[in-house]
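See below for the structure under consideration.
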Amino acid sequence: MSTAKKPTLAVWKFSSCDGCQLTLLDCEDELLAVVGQVEIAYFLEASRATLSGPYDLSIVEGSITTAGDIERIREVRRLSGHVVSIGACATAGGIQALRNFADVQEFISIVYAHPQYIRTLEHSTPPSAHIDVDFELHGCPIDKRQLLEVITAFLRGRRPQIASHSVCVECKRRGTVCVMVSKGTPCLGPVTHAGCGAICPAYDRGCYGCFGPADTTNIPAFVNALGRAGMSGFDLVRVFRTFNADTPAFREASTNAELAALNA
Amino acid sequence: MTHSKGASRTLSVASLARVEGEGSMHVVVRDGIVRDVELRIFEPPRFFEAFLRGRSYTELPDITARICGICPVAYQMSACQAIENACGVRIDDQVRALRRMLYCGEWIESHTLHIYLLHAPDFLGYESAIDLARDHRDIVERGLKLKKVGNDILNVLGGRAIHPVNVRVGGFYKAPPVAELRALTERLSWARDAAIATARWVAGFEFPDVTLQGDLVALRNDREYPILEGRIASTSGLDIAVADFPDHFTEEHVAHSTALQGHARSGDPYTLGPLARYNLNFDVLPPLVKQVAADVGVAGSCRNPFQSIIVRALEVVFACDEALRIIAGYEPPGKPHAEIPARSGTGHGCTEAPRGSLYHRYTIDSDGIIRDAVIVPPTSQNQPSIERSLRQFVQDRLHLEDGELTRQCEQAIRNYDPCISCATHFLDLTVDRG
């Protein structure tokens with residue numbers, strides 16, 4: 001092994017399911033090669049050995065949901081050359097951002113017998129709401145090929161090559177017949193960010209928006225199309241309120257659908 | 001971190017490594033006696049049981065998967081089972097076999113992750129599998145390749161390894177063609193051999209002489225090693241239907257944990273997971289697994305929590321063997337899923353997540369809207385038992401200096417493969433020696 005100083009990599013967890021950092025350990029064919037190129041300086045899920053910062057590249061999983069999280073994410077920023085947020089929690093607040101549409105005190109009282117023990121913020125937010133983030137990688141979970149591209153790009157000092165088109169393009173590339181056109185299955189593909197490889201339509205179901213909104217969308221026209229596919233009322237609210245519910249495009253879509261459903 | 005003054009001592013692990021999620025451990029010692037052990041779980045709450053109210057019953061597999069990136073299939077399966085129970089629908093045998101195979105993929109992936117990347121480094125004196133690979137690259141490569149076979153099953157049947165997309169209430173969106181499953185046979189045959197080699201490898205580690213006290217609880221049916229179904233059984237003779245779970249087990253909210261703690265109604269801690277499954281179901285394991293168990297010296301029963309690494313390896317042997325058996329008998333079902341018309345009612349589901357029995361209960365209305373959700377993950381049920389076992393473990397090792405004591409405590413906690421993301425839906429150790 002080379003004795004030249006390798007760039008340091010840190011992996012941080014906030015509120016999340018662990019699936020996005022697991023994606024790194026799921027790179028079974030590449031993991032040992034990656035750790036040959038970088039020094040794993042902080043990655044608690046993988047190692048009890050930790051190095052103090054600064055770190056060349058920090059990868060952040062999870063959303064900010066406590067006052068302590070805000071302090072910690074600022075510290076991560078201070079210690080890191082580059083900060084990359086990975087996954088729906090760290091780019092949109094995640095499924096736990098459903099509290100942003102509700103009363104968190106009511107949520108606490110439903111789950112916990114002693115609400116006074118629980119300290120949590122009213123909203124679940126991505127790190128970018130608190131610090132400057134150098135790159136956001138979408139997905140619930142993220143795609144491992146994209147993760148490797150992002151790590152490689154930052155190690156090489158270039159921007160990651162991550163496509164910004166919709167899932168529809170990936171379906172065409174995969175040769176999947178459109179489930180919305182051919183079967184009338186409601187599918188979020190037209191408004192959803194590419195990255196997964198268009199898995200759902202290949203498994204005979206509609207896309208459900210794991211990667212969040214694509215960079216350019218026409219939500220009102222798309223909601224009409226969902227209506228023609230038979231989706232209405234609160235189903236239209238729920239379909240936009242999942243893992244990327246608090247992104248501007250999906251929030252607007254679900255809020256408008258909710259107003260329509262309440263007035264129906 | 002250590003704080004010492006006079007006759008008392010505090011041991012503190014501020015952030016537990018090589019566990020899934022975030023937690024810490026705090027031990028208080030006074031006059032040479034361990035007074036208290038707390039497994040503190042800080043994982044911030046995500047409120048699944050609250051925001052599930054008002055969702056549609058058909059959304060459960062996609063949403064509950066997000067509780068845990070390591071065992072999403074377990075959440076999907078317990079949720080589907082509970083809804084099918086509420087709606088009174090039976091699932092046909094071929095769909096059931098595919099579910100069992102998907103779950104085998106998760107057991108292989110999750111157990112192999114734990115054996116090679118999280119737990120084995122403790123026994124061999126390494127900080128991580130990455131360090132282990134510097135000296136034993138071939139062993140770590142075998143582990144990664146074995147783990148990948150588990151993910152291959154998840155990819156084929158589920159569409160992807162983390163948060164599979166192909167699961168729906170009633171079954172699957174799409175059943176795989178025979179050829180796609182058969183294509184896994186060669187890799188699974190290799191994996192079964194690799195899992196046997198893994199069992200022999202880990203059985204050669206040195207194990208402290210520790211006996212897990214208390215009741216062990218797992219599913220049991222008399223036909224097969226439990227994954228998807230059975231009655232809830234225990235080593236003290238409990239034998240109840242899944243729907244009776246709430247009558248026998250309860251959750252308690254304590255100040256030091258955002259995970260609710262599970263207790264038997266009697267107040268006694270109990271333990272779920274591989275050791276529980278193994279002790280309650282050894283008789284129904286296939287002959288091959290029994291033979292390997294005999295070869296490595298744990299046939300019949302195993303109550304040493306440190307040897308849970310051997311039992312996990314045996315369960316990987318079993319999961320590979322079972323997946324091969326399912327592939328050999330596979331005929332695509334007529335329909336990939338049963339229709340599940342909504343009806344108002346309450347349903348219960350319990351399946352064997354890699355870390356132990358995972359119980360779900362939902363009440364839905366006649367439109368299929370969820371009115372109440374209860375999810376009891378294995379780690380929150382194991383938390384009191386882990387605390388109790390650590391109390392004696394630390395007492396027996398008080399002569400150790402803090403650094404070594406901390407290291408051994410972390411290893412003892414990892415015996416249970418705690419998944420803290422699940423449990424709140426870990427470890428910073430503090431030993432307060434006074």
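Chain labels A, B, ... are given in the sequence in which chains occur in the structure tokens; within each chain residues are numbered consecutively from 1, and ligands are likewise numbered from 1 in the order shown.
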Shell around region 78-93 of chain A at 9 Å using only C-alpha atoms, local window under 4 positions removed, as an NGL selection string: :A and (10 or 14-17 or 19-21 or 52-65 or 73-74 or 97-98 or 123-128 or 132-142 or 147 or 150 or 154 or 210-212 or 243-247)
Residues of chain A within 8 Å of chain B, counting only C-alpha atoms, as a tab-separated table (two decimals) with C-alpha atoms, in the first residue's frame:
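Okay, this is what ended up in out_17.tsv:
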```tsv
chain	number	residue	atom	x	y	z
A	13	LYS	CA	-25.64	10.02	10.39
A	15	SER	CA	-32.28	11.09	11.48
A	16	SER	CA	-32.58	8.24	8.98
A	17	CYS	CA	-32.98	4.51	8.42
A	18	ASP	CA	-29.23	3.85	7.79
A	19	GLY	CA	-30.00	2.60	4.29
A	20	CYS	CA	-28.00	5.24	2.42
A	22	LEU	CA	-25.42	0.95	4.05
A	23	THR	CA	-25.31	1.57	0.30
A	26	ASP	CA	-23.36	-2.72	-0.28
A	28	GLU	CA	-19.32	-5.40	-2.27
A	29	ASP	CA	-17.21	-5.44	-5.42
A	32	LEU	CA	-11.98	-2.67	-0.70
A	35	VAL	CA	-10.87	2.09	1.03
A	44	LEU	CA	-19.18	4.60	12.97
A	45	GLU	CA	-21.32	2.01	11.25
A	46	ALA	CA	-18.14	0.41	9.90
A	47	SER	CA	-15.36	1.20	12.37
A	48	ARG	CA	-14.79	2.12	16.01
A	49	ALA	CA	-11.51	3.81	15.07
A	65	THR	CA	-34.63	17.00	13.74
A	66	THR	CA	-33.10	18.13	17.05
A	95	ILE	CA	-40.46	10.58	5.44
A	96	GLN	CA	-40.09	12.06	8.92
A	98	LEU	CA	-44.45	14.46	7.29
A	99	ARG	CA	-44.43	16.19	10.70
A	107	PHE	CA	-47.29	13.10	16.95
A	108	ILE	CA	-45.29	12.83	20.19
A	110	ILE	CA	-49.47	9.34	19.85
A	111	VAL	CA	-46.16	7.47	20.14
A	112	TYR	CA	-44.81	8.26	23.62
A	113	ALA	CA	-46.31	7.89	27.08
A	114	HIS	CA	-44.09	10.64	28.52
A	117	TYR	CA	-38.74	12.97	27.71
A	118	ILE	CA	-38.80	13.79	24.00
A	120	THR	CA	-37.42	17.20	18.86
A	140	CYS	CA	-34.64	6.72	-1.05
A	141	PRO	CA	-32.32	4.95	-1.02
A	199	ILE	CA	-37.11	-0.07	-11.45
A	200	CYS	CA	-40.82	0.17	-10.65
A	203	TYR	CA	-41.86	-4.55	-12.09
A	204	ASP	CA	-45.34	-3.65	-13.38
A	205	ARG	CA	-46.03	-0.77	-11.02
A	238	ARG	CA	-50.76	11.01	-0.30
A	242	THR	CA	-43.93	10.37	1.05
```
For Cys27 (chain A), the nearest of the candidates A:Leu148, A:Val169, A:Cys207, A:Val239, counting only C-alpha atoms: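 Counting only C-alpha atoms, the residue closest to Cys27 (chain A) is A:Leu148.
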Residues of region 212-367 of chain B in helix (DSSP H, G or I), written as a PyMOL selection string: chain B and resi 242-248+274-284+287-295+305-328
Can you write out the residues you just picked, keeping N, CA and C atoms, as a compact mmCIF listing (two decimals), in the first residue's frame?
```txt
# COMPACT_ATOMS: atom_id res chain seq x y z
N VAL B 242 -50.30 -15.08 17.40
CA VAL B 242 -49.74 -13.74 17.20
C VAL B 242 -50.70 -12.66 17.70
N ALA B 243 -52.00 -12.89 17.49
CA ALA B 243 -52.99 -11.88 17.89
C ALA B 243 -53.03 -11.68 19.40
N ASP B 244 -52.46 -12.62 20.15
CA ASP B 244 -52.45 -12.49 21.62
C ASP B 244 -51.20 -11.77 22.13
N PHE B 245 -50.34 -11.32 21.21
CA PHE B 245 -49.11 -10.62 21.62
C PHE B 245 -49.37 -9.51 22.64
N PRO B 246 -50.37 -8.63 22.38
CA PRO B 246 -50.55 -7.52 23.32
C PRO B 246 -50.96 -7.97 24.72
N ASP B 247 -51.53 -9.18 24.83
CA ASP B 247 -51.91 -9.66 26.16
C ASP B 247 -50.70 -10.10 26.99
N HIS B 248 -49.59 -10.38 26.31
CA HIS B 248 -48.44 -10.95 27.02
C HIS B 248 -47.23 -10.02 27.06
N PRO B 274 -31.59 -14.54 16.78
CA PRO B 274 -31.08 -15.84 16.33
C PRO B 274 -31.01 -16.89 17.44
N LEU B 275 -30.53 -16.52 18.63
CA LEU B 275 -30.43 -17.53 19.70
C LEU B 275 -31.80 -18.06 20.08
N ALA B 276 -32.79 -17.18 20.13
CA ALA B 276 -34.14 -17.59 20.49
C ALA B 276 -34.71 -18.51 19.41
N ARG B 277 -34.58 -18.09 18.16
CA ARG B 277 -35.09 -18.94 17.07
C ARG B 277 -34.45 -20.32 17.11
N TYR B 278 -33.13 -20.32 17.31
CA TYR B 278 -32.35 -21.55 17.24
C TYR B 278 -32.72 -22.51 18.36
N ASN B 279 -32.79 -21.99 19.58
CA ASN B 279 -33.11 -22.85 20.72
C ASN B 279 -34.53 -23.41 20.65
N LEU B 280 -35.44 -22.64 20.06
CA LEU B 280 -36.84 -23.07 20.01
C LEU B 280 -37.14 -23.92 18.78
N ASN B 281 -36.26 -23.88 17.77
CA ASN B 281 -36.61 -24.51 16.50
C ASN B 281 -35.52 -25.41 15.92
N PHE B 282 -34.55 -25.79 16.73
CA PHE B 282 -33.46 -26.61 16.20
C PHE B 282 -34.00 -27.88 15.54
N ASP B 283 -35.05 -28.46 16.13
CA ASP B 283 -35.56 -29.75 15.63
C ASP B 283 -36.05 -29.68 14.19
N VAL B 284 -36.47 -28.50 13.72
CA VAL B 284 -37.02 -28.44 12.36
C VAL B 284 -36.00 -27.90 11.34
N PRO B 287 -31.35 -31.33 7.73
CA PRO B 287 -30.23 -32.17 8.19
C PRO B 287 -28.86 -31.53 7.97
N LEU B 288 -28.68 -30.86 6.84
CA LEU B 288 -27.38 -30.24 6.55
C LEU B 288 -26.99 -29.25 7.66
N VAL B 289 -27.94 -28.40 8.06
CA VAL B 289 -27.64 -27.38 9.07
C VAL B 289 -27.36 -28.05 10.41
N LYS B 290 -28.14 -29.10 10.72
CA LYS B 290 -27.90 -29.84 11.98
C LYS B 290 -26.50 -30.45 12.00
N GLN B 291 -26.09 -30.95 10.82
CA GLN B 291 -24.76 -31.57 10.73
C GLN B 291 -23.66 -30.53 10.97
N VAL B 292 -23.80 -29.36 10.31
CA VAL B 292 -22.79 -28.31 10.50
C VAL B 292 -22.79 -27.85 11.96
N ALA B 293 -23.97 -27.75 12.55
CA ALA B 293 -24.08 -27.35 13.96
C ALA B 293 -23.33 -28.34 14.85
N ALA B 294 -23.48 -29.62 14.54
CA ALA B 294 -22.78 -30.65 15.32
C ALA B 294 -21.27 -30.51 15.13
N ASP B 295 -20.86 -30.28 13.89
CA ASP B 295 -19.42 -30.15 13.59
C ASP B 295 -18.78 -29.00 14.37
N PRO B 305 -24.37 -15.70 24.52
CA PRO B 305 -24.64 -14.63 23.54
C PRO B 305 -23.43 -14.34 22.64
N PHE B 306 -22.21 -14.60 23.12
CA PHE B 306 -21.04 -14.38 22.27
C PHE B 306 -21.02 -15.36 21.10
N GLN B 307 -21.63 -16.54 21.32
CA GLN B 307 -21.68 -17.52 20.23
C GLN B 307 -22.84 -17.27 19.27
N SER B 308 -23.57 -16.17 19.49
CA SER B 308 -24.63 -15.83 18.53
C SER B 308 -24.04 -15.66 17.14
N ILE B 309 -22.75 -15.34 17.06
CA ILE B 309 -22.11 -15.20 15.74
C ILE B 309 -22.09 -16.55 15.02
N ILE B 310 -21.95 -17.65 15.77
CA ILE B 310 -22.00 -18.98 15.15
C ILE B 310 -23.43 -19.27 14.68
N VAL B 311 -24.39 -18.94 15.53
CA VAL B 311 -25.78 -19.23 15.18
C VAL B 311 -26.20 -18.40 13.96
N ARG B 312 -25.74 -17.13 13.90
CA ARG B 312 -26.03 -16.34 12.69
C ARG B 312 -25.48 -17.03 11.45
N ALA B 313 -24.26 -17.55 11.57
CA ALA B 313 -23.66 -18.24 10.41
C ALA B 313 -24.49 -19.47 10.05
N LEU B 314 -24.97 -20.20 11.06
CA LEU B 314 -25.81 -21.37 10.77
C LEU B 314 -27.12 -20.94 10.10
N GLU B 315 -27.65 -19.80 10.53
CA GLU B 315 -28.88 -19.31 9.88
C GLU B 315 -28.62 -18.88 8.44
N VAL B 316 -27.39 -18.44 8.15
CA VAL B 316 -27.06 -18.12 6.75
C VAL B 316 -26.99 -19.41 5.93
N VAL B 317 -26.39 -20.47 6.52
CA VAL B 317 -26.39 -21.77 5.84
C VAL B 317 -27.83 -22.17 5.53
N PHE B 318 -28.68 -22.05 6.57
CA PHE B 318 -30.09 -22.41 6.39
C PHE B 318 -30.75 -21.57 5.29
N ALA B 319 -30.53 -20.25 5.32
CA ALA B 319 -31.21 -19.36 4.36
C ALA B 319 -30.78 -19.68 2.93
N CYS B 320 -29.50 -19.99 2.72
CA CYS B 320 -29.03 -20.36 1.37
C CYS B 320 -29.69 -21.66 0.94
N ASP B 321 -29.72 -22.64 1.86
CA ASP B 321 -30.30 -23.94 1.58
C ASP B 321 -31.79 -23.81 1.26
N GLU B 322 -32.47 -23.00 2.05
CA GLU B 322 -33.91 -22.81 1.87
C GLU B 322 -34.21 -22.12 0.53
N ALA B 323 -33.40 -21.11 0.19
CA ALA B 323 -33.61 -20.41 -1.09
C ALA B 323 -33.41 -21.39 -2.25
N LEU B 324 -32.40 -22.26 -2.13
CA LEU B 324 -32.17 -23.27 -3.18
C LEU B 324 -33.37 -24.22 -3.28
N ARG B 325 -33.91 -24.61 -2.13
CA ARG B 325 -35.06 -25.51 -2.12
C ARG B 325 -36.26 -24.84 -2.81
N ILE B 326 -36.47 -23.56 -2.51
CA ILE B 326 -37.61 -22.84 -3.10
C ILE B 326 -37.43 -22.71 -4.62
N ILE B 327 -36.21 -22.39 -5.05
CA ILE B 327 -35.96 -22.27 -6.49
C ILE B 327 -36.25 -23.59 -7.20
N ALA B 328 -35.80 -24.70 -6.58
CA ALA B 328 -35.98 -26.01 -7.22
C ALA B 328 -37.46 -26.35 -7.40
```
Nearest residue to Ile139 (chain B) from the set B:Glu106, B:Leu124, B:Leu181, B:Trp201 (distances using only C-alpha atoms): B:Trp201
Residue among B:Leu39, B:Val89, B:Ala218, B:Leu60 lying closest to Glu387 (chain B), counting only C-alpha atoms: B:Leu39
